$ cat target-v6.cif   # mmCIF, C-alpha atoms
data_coords
loop_
_atom_site.group_PDB
_atom_site.id
_atom_site.type_symbol
_atom_site.label_atom_id
_atom_site.label_comp_id
_atom_site.auth_asym_id
_atom_site.auth_seq_id
_atom_site.Cartn_x
_atom_site.Cartn_y
_atom_site.Cartn_z
ATOM 1 C CA MET A 213 -6.873 -14.741 -16.423
ATOM 2 C CA ARG A 214 -7.029 -11.298 -17.997
ATOM 3 C CA ASN A 215 -5.008 -10.624 -21.122
ATOM 4 C CA VAL A 216 -1.442 -9.840 -20.021
ATOM 5 C CA THR A 217 -1.324 -6.832 -22.347
ATOM 6 C CA ARG A 218 -3.991 -5.035 -20.279
ATOM 7 C CA ARG A 219 -2.637 -2.110 -18.302
ATOM 8 C CA LEU A 220 -3.975 -1.735 -14.767
ATOM 9 C CA MET A 221 -4.074 1.677 -13.087
ATOM 10 C CA LEU A 222 -4.383 1.774 -9.304
ATOM 11 C CA LEU A 223 -5.392 5.026 -7.615
ATOM 12 C CA ASP A 224 -4.305 5.857 -4.084
ATOM 13 C CA THR A 225 -7.633 7.617 -3.819
ATOM 14 C CA ALA A 226 -7.239 9.455 -0.499
ATOM 15 C CA SER A 227 -3.830 10.751 -1.555
ATOM 16 C CA LEU A 228 -5.381 12.143 -4.733
ATOM 17 C CA TYR A 229 -8.481 13.699 -3.173
ATOM 18 C CA PHE A 230 -6.330 15.361 -0.500
ATOM 19 C CA ARG A 231 -4.273 16.874 -3.329
ATOM 20 C CA ALA A 232 -7.428 17.904 -5.142
ATOM 21 C CA TYR A 233 -8.777 19.513 -1.968
ATOM 22 C CA PHE A 234 -5.672 21.630 -1.478
ATOM 23 C CA GLY A 235 -5.160 22.282 -5.200
ATOM 24 C CA VAL A 236 -8.669 23.391 -6.180
ATOM 25 C CA PRO A 237 -10.091 26.563 -4.570
ATOM 26 C CA GLU A 238 -12.718 26.046 -1.881
ATOM 27 C CA SER A 239 -14.826 28.561 -3.792
ATOM 28 C CA VAL A 240 -15.814 25.622 -6.039
ATOM 29 C CA LYS A 241 -19.166 24.820 -4.421
ATOM 30 C CA ALA A 242 -22.420 22.935 -4.863
ATOM 31 C CA PRO A 243 -25.637 24.918 -5.487
ATOM 32 C CA ASP A 244 -26.292 24.984 -1.728
ATOM 33 C CA GLY A 245 -22.858 26.470 -1.021
ATOM 34 C CA THR A 246 -21.166 23.261 0.161
ATOM 35 C CA PRO A 247 -17.538 23.040 -1.033
ATOM 36 C CA VAL A 248 -17.018 20.318 -3.657
ATOM 37 C CA ASN A 249 -13.437 21.174 -4.633
ATOM 38 C CA ALA A 250 -12.123 17.713 -3.706
ATOM 39 C CA VAL A 251 -14.929 15.949 -5.601
ATOM 40 C CA ARG A 252 -14.544 17.947 -8.783
ATOM 41 C CA GLY A 253 -10.772 17.965 -8.510
ATOM 42 C CA LEU A 254 -10.639 14.167 -8.268
ATOM 43 C CA LEU A 255 -12.964 13.776 -11.262
ATOM 44 C CA GLU A 256 -10.662 16.096 -13.217
ATOM 45 C CA PHE A 257 -7.649 14.040 -12.086
ATOM 46 C CA ILE A 258 -9.211 10.783 -13.275
ATOM 47 C CA ASP A 259 -10.182 12.374 -16.575
ATOM 48 C CA ARG A 260 -6.600 13.512 -17.193
ATOM 49 C CA LEU A 261 -5.102 10.182 -16.121
ATOM 50 C CA VAL A 262 -7.361 8.203 -18.450
ATOM 51 C CA LYS A 263 -6.685 10.594 -21.349
ATOM 52 C CA ASP A 264 -2.931 10.582 -20.901
ATOM 53 C CA HIS A 265 -2.261 6.961 -19.925
ATOM 54 C CA ARG A 266 -5.129 4.931 -21.439
ATOM 55 C CA PRO A 267 -5.472 2.204 -18.806
ATOM 56 C CA ASP A 268 -7.610 -0.818 -19.651
ATOM 57 C CA ASP A 269 -8.463 -1.458 -16.000
ATOM 58 C CA LEU A 270 -8.720 1.041 -13.159
ATOM 59 C CA VAL A 271 -9.317 0.565 -9.427
ATOM 60 C CA ALA A 272 -9.845 3.350 -6.890
ATOM 61 C CA CYS A 273 -8.160 1.929 -3.777
ATOM 62 C CA MET A 274 -9.509 3.194 -0.450
ATOM 63 C CA ASP A 275 -8.393 3.359 3.186
ATOM 64 C CA ALA A 276 -10.906 1.153 5.007
ATOM 65 C CA ASP A 277 -8.588 1.596 7.992
ATOM 66 C CA TRP A 278 -6.010 4.380 7.699
ATOM 67 C CA ARG A 279 -4.178 3.255 10.892
ATOM 68 C CA PRO A 280 -4.545 -0.534 11.240
ATOM 69 C CA GLN A 281 -4.273 -1.838 14.784
ATOM 70 C CA TRP A 282 -1.817 -4.549 13.764
ATOM 71 C CA ARG A 283 0.634 -1.843 12.699
ATOM 72 C CA VAL A 284 0.034 0.200 15.860
ATOM 73 C CA ASP A 285 0.629 -2.912 18.008
ATOM 74 C CA LEU A 286 4.096 -3.182 16.473
ATOM 75 C CA ILE A 287 4.981 0.541 16.505
ATOM 76 C CA PRO A 288 2.619 2.545 18.767
ATOM 77 C CA SER A 289 3.780 5.876 17.320
ATOM 78 C CA TYR A 290 2.558 4.871 13.848
ATOM 79 C CA LYS A 291 0.515 7.847 12.561
ATOM 80 C CA ALA A 292 -0.304 8.732 16.186
ATOM 81 C CA HIS A 293 0.057 12.470 15.547
ATOM 82 C CA ARG A 294 -2.757 12.331 12.974
ATOM 83 C CA VAL A 295 -5.372 10.910 15.339
ATOM 84 C CA ALA A 296 -8.277 13.298 15.849
ATOM 85 C CA GLU A 297 -10.321 10.964 18.041
ATOM 86 C CA GLU A 298 -9.643 7.506 19.465
ATOM 87 C CA HIS A 299 -12.258 4.736 19.341
ATOM 88 C CA GLU A 300 -11.989 1.581 21.438
ATOM 89 C CA LEU A 301 -14.336 -0.488 19.262
ATOM 90 C CA GLY A 302 -13.239 0.672 15.828
ATOM 91 C CA PRO A 303 -10.617 2.541 13.815
ATOM 92 C CA ASP A 304 -9.350 5.833 15.215
ATOM 93 C CA GLU A 305 -10.618 8.936 13.460
ATOM 94 C CA GLU A 306 -8.066 10.712 11.279
ATOM 95 C CA GLU A 307 -7.615 14.466 11.482
ATOM 96 C CA VAL A 308 -9.137 15.769 8.244
ATOM 97 C CA PRO A 309 -10.089 19.346 7.258
ATOM 98 C CA ASP A 310 -13.691 20.095 8.226
ATOM 99 C CA THR A 311 -14.771 20.822 4.669
ATOM 100 C CA LEU A 312 -13.126 17.719 3.196
ATOM 101 C CA SER A 313 -14.802 15.018 5.319
ATOM 102 C CA PRO A 314 -18.332 15.646 3.918
ATOM 103 C CA GLN A 315 -16.973 15.335 0.373
ATOM 104 C CA VAL A 316 -15.642 11.797 0.782
ATOM 105 C CA PRO A 317 -19.070 10.068 0.650
ATOM 106 C CA VAL A 318 -19.888 12.121 -2.468
ATOM 107 C CA ILE A 319 -16.667 10.913 -4.085
ATOM 108 C CA GLU A 320 -17.543 7.318 -3.228
ATOM 109 C CA ASP A 321 -21.090 7.666 -4.581
ATOM 110 C CA ALA A 322 -19.837 9.257 -7.806
ATOM 111 C CA LEU A 323 -17.260 6.500 -8.400
ATOM 112 C CA ASP A 324 -19.911 3.836 -7.767
ATOM 113 C CA ALA A 325 -22.427 5.453 -10.110
ATOM 114 C CA LEU A 326 -19.760 5.791 -12.793
ATOM 115 C CA GLY A 327 -18.901 2.119 -12.450
ATOM 116 C CA ILE A 328 -15.271 2.682 -11.495
ATOM 117 C CA ALA A 329 -14.179 -0.198 -9.258
ATOM 118 C CA ARG A 330 -13.674 1.013 -5.693
ATOM 119 C CA VAL A 331 -11.969 -1.280 -3.178
ATOM 120 C CA GLY A 332 -11.264 -0.889 0.526
ATOM 121 C CA VAL A 333 -10.757 -3.833 2.865
ATOM 122 C CA GLU A 334 -11.402 -3.737 6.610
ATOM 123 C CA GLY A 335 -8.179 -3.698 8.618
ATOM 124 C CA TYR A 336 -6.013 -2.472 5.754
ATOM 125 C CA GLU A 337 -4.811 0.762 4.208
ATOM 126 C CA ALA A 338 -5.136 1.638 0.536
ATOM 127 C CA ASP A 339 -1.386 0.954 0.209
ATOM 128 C CA ASP A 340 -2.018 -2.683 1.153
ATOM 129 C CA VAL A 341 -4.860 -2.994 -1.350
ATOM 130 C CA ILE A 342 -2.564 -1.531 -4.010
ATOM 131 C CA GLY A 343 0.234 -3.913 -3.036
ATOM 132 C CA THR A 344 -2.026 -6.948 -3.321
ATOM 133 C CA PHE A 345 -3.533 -5.909 -6.667
ATOM 134 C CA THR A 346 -0.017 -5.216 -7.956
ATOM 135 C CA GLY A 347 1.266 -8.611 -6.877
ATOM 136 C CA ARG A 348 -1.610 -10.396 -8.604
ATOM 137 C CA ALA A 349 -1.622 -8.358 -11.828
ATOM 138 C CA PRO A 350 -0.603 -10.358 -14.911
ATOM 139 C CA GLY A 351 0.264 -7.246 -16.900
ATOM 140 C CA PRO A 352 1.814 -3.790 -16.398
ATOM 141 C CA VAL A 353 0.663 -1.597 -13.510
ATOM 142 C CA ASP A 354 0.595 2.183 -13.061
ATOM 143 C CA ILE A 355 0.241 3.244 -9.416
ATOM 144 C CA VAL A 356 -0.908 6.857 -9.034
ATOM 145 C CA THR A 357 -0.025 8.226 -5.614
ATOM 146 C CA GLY A 358 1.456 11.179 -3.790
ATOM 147 C CA ASP A 359 2.872 8.749 -1.200
ATOM 148 C CA ARG A 360 6.526 7.814 -1.714
ATOM 149 C CA ASP A 361 6.041 4.685 0.420
ATOM 150 C CA LEU A 362 4.706 2.964 -2.682
ATOM 151 C CA TYR A 363 8.048 3.321 -4.459
ATOM 152 C CA GLN A 364 8.782 -0.063 -2.867
ATOM 153 C CA LEU A 365 6.491 -1.692 -5.454
ATOM 154 C CA VAL A 366 8.428 -0.432 -8.490
ATOM 155 C CA ASP A 367 9.526 -3.399 -10.611
ATOM 156 C CA ASP A 368 10.788 -2.926 -14.166
ATOM 157 C CA LYS A 369 10.591 -6.626 -15.011
ATOM 158 C CA ARG A 370 6.867 -6.682 -14.286
ATOM 159 C CA GLY A 371 6.181 -3.212 -15.692
ATOM 160 C CA VAL A 372 5.213 -1.734 -12.323
ATOM 161 C CA ARG A 373 5.853 1.991 -12.019
ATOM 162 C CA VAL A 374 4.645 4.821 -9.798
ATOM 163 C CA LEU A 375 3.140 7.974 -11.278
ATOM 164 C CA TYR A 376 3.837 10.629 -8.667
ATOM 165 C CA PRO A 377 1.971 13.936 -9.116
ATOM 166 C CA LEU A 378 4.244 16.967 -9.075
ATOM 167 C CA LYS A 379 1.579 19.486 -10.093
ATOM 168 C CA GLY A 380 -1.999 18.265 -10.232
ATOM 169 C CA VAL A 381 -1.796 15.141 -12.365
ATOM 170 C CA GLY A 382 -0.793 16.992 -15.511
ATOM 171 C CA THR A 383 2.846 16.762 -14.472
ATOM 172 C CA LEU A 384 3.741 13.303 -13.215
ATOM 173 C CA GLN A 385 7.072 11.911 -12.144
ATOM 174 C CA LEU A 386 7.416 8.501 -13.822
ATOM 175 C CA THR A 387 9.148 6.479 -11.152
ATOM 176 C CA ASP A 388 10.919 3.360 -12.396
ATOM 177 C CA GLU A 389 14.026 1.519 -11.185
ATOM 178 C CA ALA A 390 16.408 3.815 -13.093
ATOM 179 C CA TRP A 391 14.880 6.863 -11.395
ATOM 180 C CA LEU A 392 15.035 5.227 -7.966
ATOM 181 C CA ARG A 393 18.678 4.250 -8.399
ATOM 182 C CA GLU A 394 19.628 7.736 -9.551
ATOM 183 C CA LYS A 395 17.716 9.434 -6.724
ATOM 184 C CA TYR A 396 18.219 7.016 -3.816
ATOM 185 C CA GLY A 397 20.678 4.366 -4.997
ATOM 186 C CA VAL A 398 18.159 1.544 -4.424
ATOM 187 C CA ASP A 399 15.560 -0.518 -6.299
ATOM 188 C CA GLY A 400 11.916 -0.938 -5.252
ATOM 189 C CA PRO A 401 12.391 -3.410 -2.370
ATOM 190 C CA GLY A 402 15.484 -1.463 -1.332
ATOM 191 C CA TYR A 403 13.370 1.650 -0.912
ATOM 192 C CA ALA A 404 11.378 -0.043 1.867
ATOM 193 C CA ASP A 405 14.632 -0.807 3.734
ATOM 194 C CA LEU A 406 15.862 2.746 3.175
ATOM 195 C CA ALA A 407 12.588 4.220 4.472
ATOM 196 C CA LEU A 408 12.694 1.959 7.517
ATOM 197 C CA LEU A 409 16.247 3.015 8.428
ATOM 198 C CA ARG A 410 15.703 6.704 7.666
ATOM 199 C CA GLY A 411 12.352 6.894 9.407
ATOM 200 C CA ASP A 412 9.395 9.034 8.423
ATOM 201 C CA PRO A 413 8.019 11.673 10.812
ATOM 202 C CA SER A 414 4.846 12.012 8.705
ATOM 203 C CA ASP A 415 4.019 8.370 9.506
ATOM 204 C CA GLY A 416 5.389 8.381 13.055
ATOM 205 C CA LEU A 417 8.241 6.011 12.161
ATOM 206 C CA PRO A 418 11.301 6.815 14.302
ATOM 207 C CA GLY A 419 13.942 5.176 12.112
ATOM 208 C CA VAL A 420 17.421 4.440 13.421
ATOM 209 C CA PRO A 421 18.874 7.500 15.211
ATOM 210 C CA GLY A 422 21.743 9.039 13.281
ATOM 211 C CA ILE A 423 20.954 7.091 10.090
ATOM 212 C CA GLY A 424 19.646 9.556 7.540
ATOM 213 C CA GLU A 425 18.764 8.964 3.918
ATOM 214 C CA LYS A 426 22.303 9.195 2.522
ATOM 215 C CA THR A 427 23.803 6.981 5.216
ATOM 216 C CA ALA A 428 21.015 4.423 4.776
ATOM 217 C CA ALA A 429 21.679 4.344 1.015
ATOM 218 C CA LYS A 430 25.421 3.834 1.595
ATOM 219 C CA LEU A 431 24.786 1.010 4.058
ATOM 220 C CA LEU A 432 22.418 -0.710 1.636
ATOM 221 C CA ALA A 433 24.965 -0.356 -1.181
ATOM 222 C CA GLU A 434 27.613 -1.900 1.079
ATOM 223 C CA PHE A 435 25.610 -4.714 2.662
ATOM 224 C CA GLY A 436 22.790 -5.366 0.193
ATOM 225 C CA ASP A 437 19.688 -5.198 2.355
ATOM 226 C CA LEU A 438 18.471 -4.734 5.923
ATOM 227 C CA ALA A 439 19.367 -8.303 6.894
ATOM 228 C CA GLY A 440 22.890 -7.783 5.546
ATOM 229 C CA ILE A 441 23.265 -4.550 7.520
ATOM 230 C CA MET A 442 22.154 -6.176 10.775
ATOM 231 C CA ALA A 443 24.464 -9.131 10.140
ATOM 232 C CA ALA A 444 27.310 -6.634 9.751
ATOM 233 C CA VAL A 445 26.587 -5.289 13.236
ATOM 234 C CA ASP A 446 27.673 -8.669 14.608
ATOM 235 C CA ASP A 447 30.740 -8.858 12.346
ATOM 236 C CA PRO A 448 33.690 -6.951 13.830
ATOM 237 C CA LYS A 449 35.358 -6.875 10.404
ATOM 238 C CA ALA A 450 32.391 -5.170 8.704
ATOM 239 C CA LYS A 451 32.871 -1.590 7.565
ATOM 240 C CA LEU A 452 30.705 0.174 10.098
ATOM 241 C CA THR A 453 31.718 3.168 12.176
ATOM 242 C CA PRO A 454 31.549 2.635 15.952
ATOM 243 C CA SER A 455 28.624 5.060 16.080
ATOM 244 C CA GLN A 456 26.698 3.245 13.337
ATOM 245 C CA ARG A 457 27.305 -0.132 14.954
ATOM 246 C CA LYS A 458 26.132 1.150 18.338
ATOM 247 C CA ARG A 459 22.992 2.834 16.997
ATOM 248 C CA LEU A 460 21.984 -0.135 14.866
ATOM 249 C CA ASP A 461 22.573 -2.504 17.761
ATOM 250 C CA GLU A 462 20.455 -0.374 20.091
ATOM 251 C CA SER A 463 17.699 -0.215 17.451
ATOM 252 C CA ARG A 464 17.267 -4.004 17.156
ATOM 253 C CA PRO A 465 13.775 -3.993 18.747
ATOM 254 C CA TYR A 466 12.597 -1.407 16.182
ATOM 255 C CA VAL A 467 14.335 -3.115 13.253
ATOM 256 C CA ALA A 468 12.747 -6.443 14.218
ATOM 257 C CA VAL A 469 9.170 -5.181 13.849
ATOM 258 C CA ALA A 470 9.453 -2.264 11.432
ATOM 259 C CA PRO A 471 9.544 -4.296 8.182
ATOM 260 C CA LYS A 472 5.983 -5.520 8.727
ATOM 261 C CA VAL A 473 4.853 -1.933 9.358
ATOM 262 C CA VAL A 474 6.747 -0.303 6.487
ATOM 263 C CA LYS A 475 6.215 -2.919 3.795
ATOM 264 C CA VAL A 476 2.802 -2.974 2.151
ATOM 265 C CA ALA A 477 0.791 -6.147 2.626
ATOM 266 C CA GLY A 478 0.513 -8.461 -0.344
ATOM 267 C CA ASP A 479 -2.111 -10.805 1.020
ATOM 268 C CA VAL A 480 -5.188 -8.613 1.466
ATOM 269 C CA PRO A 481 -8.439 -10.599 0.933
ATOM 270 C CA LEU A 482 -9.638 -8.633 -2.070
ATOM 271 C CA PRO A 483 -13.303 -8.748 -3.067
ATOM 272 C CA ASP A 484 -14.251 -9.998 -6.503
ATOM 273 C CA VAL A 485 -14.537 -6.853 -8.650
ATOM 274 C CA ASP A 486 -14.483 -6.064 -12.338
ATOM 275 C CA PRO A 487 -11.659 -3.551 -12.807
ATOM 276 C CA ALA A 488 -12.457 -2.832 -16.468
ATOM 277 C CA LEU A 489 -12.648 0.888 -17.169
ATOM 278 C CA PRO A 490 -16.338 1.660 -17.827
ATOM 279 C CA HIS A 491 -17.385 3.273 -21.105
ATOM 280 C CA THR A 492 -20.857 4.167 -19.853
ATOM 281 C CA PRO A 493 -22.119 4.862 -16.308
ATOM 282 C CA ARG A 494 -23.248 1.911 -14.209
ATOM 283 C CA ASP A 495 -26.142 3.937 -12.782
ATOM 284 C CA PRO A 496 -26.971 6.922 -15.031
ATOM 285 C CA ALA A 497 -29.931 8.049 -12.893
ATOM 286 C CA ALA A 498 -27.876 8.105 -9.690
ATOM 287 C CA LEU A 499 -25.061 9.922 -11.480
ATOM 288 C CA GLU A 500 -27.447 12.561 -12.826
ATOM 289 C CA ALA A 501 -28.892 13.088 -9.347
ATOM 290 C CA LEU A 502 -25.372 13.523 -7.925
ATOM 291 C CA ALA A 503 -24.466 15.946 -10.723
ATOM 292 C CA VAL A 504 -27.499 18.118 -9.977
ATOM 293 C CA ARG A 505 -27.294 17.911 -6.174
ATOM 294 C CA TRP A 506 -23.568 18.683 -6.000
ATOM 295 C CA GLY A 507 -23.090 20.800 -9.104
ATOM 296 C CA LEU A 508 -20.507 18.501 -10.656
ATOM 297 C CA GLY A 509 -21.136 20.019 -14.072
ATOM 298 C CA GLY A 510 -18.239 20.193 -16.512
ATOM 299 C CA SER A 511 -15.900 18.035 -14.409
ATOM 300 C CA LEU A 512 -18.244 15.064 -14.678
ATOM 301 C CA GLN A 513 -19.180 15.664 -18.312
ATOM 302 C CA ARG A 514 -15.531 15.790 -19.386
ATOM 303 C CA LEU A 515 -14.832 12.498 -17.624
ATOM 304 C CA LEU A 516 -17.893 10.868 -19.200
ATOM 305 C CA SER A 517 -16.764 12.011 -22.653
ATOM 306 C CA THR A 518 -13.289 10.580 -22.029
ATOM 307 C CA LEU A 519 -14.705 7.261 -20.875
ATOM 308 C CA ARG A 520 -16.960 7.038 -23.938
ATOM 309 C CA ALA A 521 -13.971 7.666 -26.187
#

$ encode --input "target-v6.cif" --output "structure tokens"
Amino acid sequence: MRNVTRRLMLLDTASLYFRAYFGVPESVKAPDGTPVNAVRGLLEFIDRLVKDHRPDDLVACMDADWRPQWRVDLIPSYKAHRVAEEHELGPDEEEVPDTLSPQVPVIEDALDALGIARVGVEGYEADDVIGTFTGRAPGPVDIVTGDRDLYQLVDDKRGVRVLYPLKGVGTLQLTDEAWLREKYGVDGPGYADLALLRGDPSDGLPGVPGIGEKTAAKLLAEFGDLAGIMAAVDDPKAKLTPSQRKRLDESRPYVAVAPKVVKVAGDVPLPDVDPALPHTPRDPAALEALAVRWGLGGSLQRLLSTLRA
């Protein structure tokens, strides 16, 4: 068991390299002219995160399957609008900018050469990997993500918070239970119920028609959780408007399956990895070759200096 005082940082890696890609000019290129804005941007992000938050352990969590079939089987519209190409024998291909896709393997190679733990598990999204690491962590956890879905993991008692980038990673929203209650009127688990009721077009989740964010928050405040709300539908004395009762009743098939889709998995079979933040590169020769081939220059050197410190 690791020392409980160790702070674990979990990166929602795809979320961060997408932000890097759109936040760093595409004029940042390798010697051969290939854009490396996402690669260098992510290295800069990690450098800043380590400098500012001093994690003891760090894991770059990956999407081994960005649209798991078990979620699609429950809600077919799940992320359907993002599919670029369907594959019968494997995961569907996500729509990704043409100049970003070639950078992902470079990111993976750089993380591996640095010795930063990188974990993706077949059949699961990075969110599920993050959820499982969080559930098993003996000490405090910082989750770095641009995905609000992970607010559901916030837990003050266990020291679990979400660092949500507002501008690069220099300006982060520290999301704890107090912030969630002020913004949405819910705690971490309550956020999953709120998201389920409200729906999320960016993930293809329909939600309950007519139940927006404010109404969902009011219902959760009144009835406690999703189960309490659905129990109220069957209670003629419960304080529901006729329209709310009707829409919730008609949405029972969705409400029955949506929790498994919306809530992150906590039982992912994680590989055995050492999450300790490296002080020196695992493979200096490979890292040097990557630096030269892709022109990683100052971005990589700054990160290496931070890790040594």

$ closest_residue --input "target-v6.cif" --among "A:Leu431, A:Ala325, A:Leu499, A:Val480" --to "Ala450 of chain A" --atoms "all atoms listed in the file"
A:Leu431

$ resolve_selection --input "target-v6.cif" --expression "the PyMOL selection byres ((chain A and resi 343-347) around 7)" --output "CSV table (one decimal) with C-alpha atoms, in the coordinates of the input"
chain,number,residue,atom,x,y,z
A,339,ASP,CA,-1.4,1.0,0.2
A,340,ASP,CA,-2.0,-2.7,1.2
A,341,VAL,CA,-4.9,-3.0,-1.4
A,342,ILE,CA,-2.6,-1.5,-4.0
A,348,ARG,CA,-1.6,-10.4,-8.6
A,349,ALA,CA,-1.6,-8.4,-11.8
A,353,VAL,CA,0.7,-1.6,-13.5
A,476,VAL,CA,2.8,-3.0,2.2
A,477,ALA,CA,0.8,-6.1,2.6
A,478,GLY,CA,0.5,-8.5,-0.3
A,479,ASP,CA,-2.1,-10.8,1.0
A,480,VAL,CA,-5.2,-8.6,1.5

$ closest_residue --input "target-v6.cif" --among "A:Ile319, A:Leu502, A:Ala488, A:Ala390" --to "Arg218 of chain A" --atoms "all atoms listed in the file"
A:Ala488

$ residues_around --input "target-v6.cif" --residues "Thr518 of chain A" --least-positions-apart "4" --cutoff "8 Å" --atoms "all atoms listed in the file" --output "ChimeraX atom specification"
/A:259,262-263,514

$ residues_around --input "target-v6.cif" --residues "Met221 of chain A" --least-positions-apart "5" --cutoff "8 Å" --atoms "all atoms listed in the file" --output "list in words"
Pro267, Asp268, Asp269, Leu270, Val271, Val353, Asp354, Ile355 and Val356 of chain A

$ atom_distance --input "target-v6.cif" --atom1 "atom CA of Gly507 of chain A" --atom2 "atom CA of Glu238 of chain A"
13.7 Å

$ residues_around --input "target-v6.cif" --residues "Tyr376 of chain A" --least-positions-apart "4" --cutoff "7 Å" --atoms "all atoms listed in the file" --output "PyMOL selection string"
chain A and resi 356-358+384-386

$ resolve_selection --input "target-v6.cif" --expression "the PyMOL selection byres ((chain A and resi 241) around 12)" --output "PyMOL selection string"
chain A and resi 233+236-240+242-253+311+315+505-509

$ residues_near_point --input "target-v6.cif" --point "(1.7, -10.7, -16.6)" --cutoff "12 Å" --atoms "only C-alpha atoms" --output "list of chain:residue names"
A:Met213, A:Arg214, A:Asn215, A:Val216, A:Thr217, A:Arg218, A:Arg219, A:Leu220, A:Thr346, A:Gly347, A:Arg348, A:Ala349, A:Pro350, A:Gly351, A:Pro352, A:Val353, A:Lys369, A:Arg370, A:Gly371, A:Val372

$ closest_residue --input "target-v6.cif" --among "A:Ile287, A:Leu460, A:Val331, A:Leu326" --to "Pro490 of chain A" --atoms "all atoms listed in the file"
A:Leu326

$ closest_residue --input "target-v6.cif" --among "A:Pro487, A:Pro314, A:Gly335, A:Pro377" --to "Asp275 of chain A" --atoms "only C-alpha atoms"
A:Gly335

$ residues_around --input "target-v6.cif" --residues "segment 408-416 of chain A" --least-positions-apart "5" --cutoff "9 Å" --atoms "only C-alpha atoms" --output "PyMOL selection string"
chain A and resi 287-294+403+421-428+438+467+470-471+473-475

$ resolve_selection --input "target-v6.cif" --expression "the PyMOL selection byres ((chain A and resi 436) around 12)" --output "list in words"
Gly397, Val398, Asp399, Pro401, Gly402, Tyr403, Asp405, Leu406, Ala428, Ala429, Lys430, Leu431, Leu432, Ala433, Glu434, Phe435, Asp437, Leu438, Ala439, Gly440, Ile441, Met442, Ala443 and Ala444 of chain A
